[in-house]
Amino acid sequence: MAQKILFINQEITPYVPDTELSLMGKALPQAMLENDHEIRTFMPKWGNINERRGQLHEVIRLSGMNMIIDDTDHPLIIKVATIVQTRVQVYFIDNDDYFSKRLMTKDDQGADYSDNAERAVFFARGVLETVKKLRWVPDIIHIQGWMGAVVPLYIKTAYHEEPSFANTKVVTSLFPKDFDSTLDPNFKQYINFREATPEVLKKYNDVFDYDELCKLAIDYSDGVIAGSKKTNAALLKYAKEAGIPTLPYAGEDFTQAYKDFYDKL
C-alpha cells in the first residue's frame with residue numbers, strides 16, 4: 001500500500017558535496033517516489049548551497065513564523081527547489097543566524113559550530129511546523145543524519161496530539177559518527193517545548209556527544225536502520241535491547257528492504 005513518507009535529511013546531493021549521507025538523502029526519497037509513495041523531503045539550507053544554481057526560491061506562505069529557543073526569537077524561512085534529474089521536491093529550512101550565513105555542521109577550519117545544538121532544535125521544529133502548515137499527514141517520518149535527531153522526541157511528546165503526527169511512525173537511520181565534539185551543555189534547555197521538558201531527558205548525560213544524541217533518537221523511534229556498513233554496532237545493539245525493530249545495512253539495492261520495513265511498522 002502506498003504510504004505518505006516525510007524524509008528529514010541532513011544532507012542531499014546535488015545541493016551539498018557527495019557523501020554517503022548526502023547520496024542516500026537523494027536516493028531514498030527518489031526510490032520511494034518511483035514506487036508510488038507520496039513524499040515530502042526537508043533539509044537545512046546550508047550556507048554553501050548555491051541558491052541560483054539550485055534554483056531555490058522562498059515560499060512566502062510557509063515562511064514568517066518565529067520560533068523561540070532559549071528565550072530568543074528566530075525567524076523561520078522556507079525555500080523550495082526540485083532536483084533536476086528527478087521529480088523530488090526539496091523544502092529547505094533557513095534562518096540567517098543558523099544556516100544561510102554558515103557552512104554546514106563545521107566551519108571553514110573544520111571545527112564543529114558551537115551552536116549546533118540550537119541549530120538542530122530549530123531545524124526539527126521548523127520541519128514539523130511547516131508540515132503542519134502544509135496540512136499533510138505522513139504515515140512514516142524517516143530521519144537521516146544527526147541534525148534531525150531531536151525529531152523523534154518531539155513527535156512522541158510535544159507534537160503527539162497534533163493531527164498531522166498522531167499516528168505517525170518514526171524511523172531513524174544511523175550513519176557513522178559525524179561530529180567529534182560535544183553539544184552545548186544547555187542542550188536540554190534548548191529542547192524545552194511543551195511536553196518535551198528537560199525532566200524527560202533525565203536518563204541521558206548532561207552533555208551530549210554523538211552517541212548520546214543517537215540514543216535519544218533511537219529511544220523515541222519506532223524503527224532503526226543501519227544506513228551504512230560502518231554504522232556503530234553498539235548503537236544497533238542498544239536499539240535491539242530496547243525492543244525497537246532494526247534493519248541491518250541493506251546495501252545499494254535497498255528499496256524493497258526499506259518498503260518491507262515500513263510496512264511492518
# chains A, B, ... in the order shown; residues from 1 in each chain; ligands from 1
$ residues_around --residues "stretch 29-35 of chain A" --least-positions-apart "3" --cutoff "7 Å" --atoms "only C-alpha atoms" --output "JSON, numbers by chain"
{"A": [7, 26, 38, 39, 88, 255]}
$ closest_atom_pairs --of "stretch 131-195 of chain A" --to "stretch 41-55 of chain A" --cutoff "10 Å" --atoms "only C-alpha atoms" --output "Markdown table"
| residue | atom | partner | partner_atom | distance |
| --- | --- | --- | --- | --- |
| A:Val131 | CA | A:Phe42 | CA | 9.8 |
| A:Ile141 | CA | A:Thr41 | CA | 9.9 |
| A:His142 | CA | A:Thr41 | CA | 9.6 |
| A:Ile143 | CA | A:Phe42 | CA | 9.8 |
| A:Gln144 | CA | A:Met43 | CA | 9.8 |
| A:Gly145 | CA | A:Met43 | CA | 9.9 |
| A:Met147 | CA | A:Pro44 | CA | 8.7 |
| A:Gly148 | CA | A:Met43 | CA | 9.0 |
$ residues_around --residues "stretch 93-96 of chain A" --least-positions-apart "4" --cutoff "10 Å" --atoms "only C-alpha atoms" --output "JSON, numbers by chain"
{"A": [42, 43, 44, 45, 46, 47, 58, 63, 74, 75, 76, 77, 78, 79, 80, 100, 101, 102, 119, 122, 123, 124, 125, 126, 127, 130]}
$ select_by_dssp --residues "stretch 11-188 of chain A" --states "helix (DSSP H, G or I)" --output "ChimeraX atom specification"
/A:20-34,51-54,96-100,116-134,146-148,151-156,187-188
$ closest_residue --among "A:Lys188, A:Leu134, A:Leu216, A:Val171" --to "A:Leu247" --atoms "only C-alpha atoms"
A:Val171
$ closest_residue --among "A:Asn66, A:Gln109, A:Gln10, A:Gln3" --to "A:Leu265" --atoms "only C-alpha atoms"
A:Gln3
$ atom_distance --atom1 "atom CA of A:Asp206" --atom2 "atom CA of A:Val150"
15.4 Å
$ closest_residue --among "A:Leu103, A:Leu236, A:Ile140, A:Ile155" --to "A:Glu195" --atoms "only C-alpha atoms"
A:Ile155
$ select_by_dssp --residues "stretch 75-218 of chain A" --states "strand (DSSP E)" --output "list in words"
Pro75, Ile77, Ile78, Lys79, Val80, Ala81, Thr82, Gln89, Val90, Tyr91, Phe92, Ile93, Asp94, Ile140, Ile141, His142, Ile143, Gln144, Lys169, Val170, Val171, Thr172, Ser173 and Leu174 of chain A
$ residues_around --residues "A:Ala226" --least-positions-apart "6" --cutoff "10 Å" --atoms "only C-alpha atoms" --output "PDB file with N, CA and C atoms, in the first residue's frame"
ATOM      1  N   THR A 172      14.590   6.020  12.251  1.00  0.00           N
ATOM      2  CA  THR A 172      15.877   6.714  12.260  1.00  0.00           C
ATOM      3  C   THR A 172      16.932   5.849  11.604  1.00  0.00           C
ATOM      4  N   SER A 173      17.630   6.407  10.623  1.00  0.00           N
ATOM      5  CA  SER A 173      18.779   5.732  10.017  1.00  0.00           C
ATOM      6  C   SER A 173      20.047   6.200  10.720  1.00  0.00           C
ATOM      7  N   LEU A 174      20.887   5.251  11.089  1.00  0.00           N
ATOM      8  CA  LEU A 174      22.148   5.555  11.759  1.00  0.00           C
ATOM      9  C   LEU A 174      23.299   5.507  10.769  1.00  0.00           C
ATOM     10  N   PHE A 175      24.140   6.532  10.825  1.00  0.00           N
ATOM     11  CA  PHE A 175      25.312   6.623   9.967  1.00  0.00           C
ATOM     12  C   PHE A 175      26.563   6.749  10.845  1.00  0.00           C
ATOM     13  N   PRO A 176      27.745   6.633  10.255  1.00  0.00           N
ATOM     14  CA  PRO A 176      28.964   6.776  11.061  1.00  0.00           C
ATOM     15  C   PRO A 176      29.050   8.124  11.762  1.00  0.00           C
ATOM     16  N   ASN A 232      27.700   2.262  13.764  1.00  0.00           N
ATOM     17  CA  ASN A 232      28.178   1.777  15.053  1.00  0.00           C
ATOM     18  C   ASN A 232      27.340   0.584  15.528  1.00  0.00           C
ATOM     19  N   ALA A 233      27.965  -0.578  15.630  1.00  0.00           N
ATOM     20  CA  ALA A 233      27.260  -1.794  16.040  1.00  0.00           C
ATOM     21  C   ALA A 233      26.690  -1.667  17.451  1.00  0.00           C
ATOM     22  N   LEU A 235      25.347   0.935  18.786  1.00  0.00           N
ATOM     23  CA  LEU A 235      24.081   1.662  18.738  1.00  0.00           C
ATOM     24  C   LEU A 235      22.951   0.763  18.233  1.00  0.00           C
ATOM     25  N   LEU A 236      23.255  -0.084  17.262  1.00  0.00           N
ATOM     26  CA  LEU A 236      22.246  -1.041  16.798  1.00  0.00           C
ATOM     27  C   LEU A 236      21.880  -2.014  17.913  1.00  0.00           C
ATOM     28  N   THR A 246      14.852  -3.325  14.145  1.00  0.00           N
ATOM     29  CA  THR A 246      16.034  -2.819  13.452  1.00  0.00           C
ATOM     30  C   THR A 246      16.175  -3.494  12.099  1.00  0.00           C
ATOM     31  N   LEU A 247      16.802  -2.783  11.184  1.00  0.00           N
ATOM     32  CA  LEU A 247      17.097  -3.324   9.856  1.00  0.00           C
ATOM     33  C   LEU A 247      18.590  -3.202   9.617  1.00  0.00           C
ATOM     34  N   PRO A 248      19.288  -4.314   9.385  1.00  0.00           N
ATOM     35  CA  PRO A 248      20.718  -4.238   9.088  1.00  0.00           C
ATOM     36  C   PRO A 248      20.953  -3.496   7.779  1.00  0.00           C
ATOM     37  N   TYR A 249      22.196  -3.146   7.538  1.00  0.00           N
ATOM     38  CA  TYR A 249      22.544  -2.450   6.298  1.00  0.00           C
ATOM     39  C   TYR A 249      22.050  -3.260   5.102  1.00  0.00           C
ATOM     40  N   ALA A 250      21.279  -2.615   4.228  1.00  0.00           N
ATOM     41  CA  ALA A 250      20.614  -3.311   3.122  1.00  0.00           C
ATOM     42  C   ALA A 250      21.363  -3.197   1.804  1.00  0.00           C
ATOM     43  N   GLY A 251      22.522  -2.518   1.792  1.00  0.00           N
ATOM     44  CA  GLY A 251      23.289  -2.386   0.570  1.00  0.00           C
ATOM     45  C   GLY A 251      22.705  -1.344  -0.362  1.00  0.00           C
TER      46      GLY A 251
END
$ closest_residue --among "A:Pro152, A:Pro245, A:Pro138, A:Pro185" --to "A:Ile5" --atoms "only C-alpha atoms"
A:Pro138
$ closest_residue --among "A:Tyr154, A:Phe261, A:Tyr204, A:Phe254" --to "A:Val224" --atoms "only C-alpha atoms"
A:Phe261
$ closest_residue --among "A:Leu153, A:Phe99, A:Lys230, A:Tyr190" --to "A:Glu20" --atoms "only C-alpha atoms"
A:Lys230
$ atom_distance --atom1 "atom CA of A:Val121" --atom2 "atom CA of A:Leu183"
11.7 Å
$ residues_around --residues "A:Gly25" --least-positions-apart "5" --cutoff "7 Å" --atoms "only C-alpha atoms" --output "list in words"
Asn9, Glu11, Ile12 and Thr13 of chain A
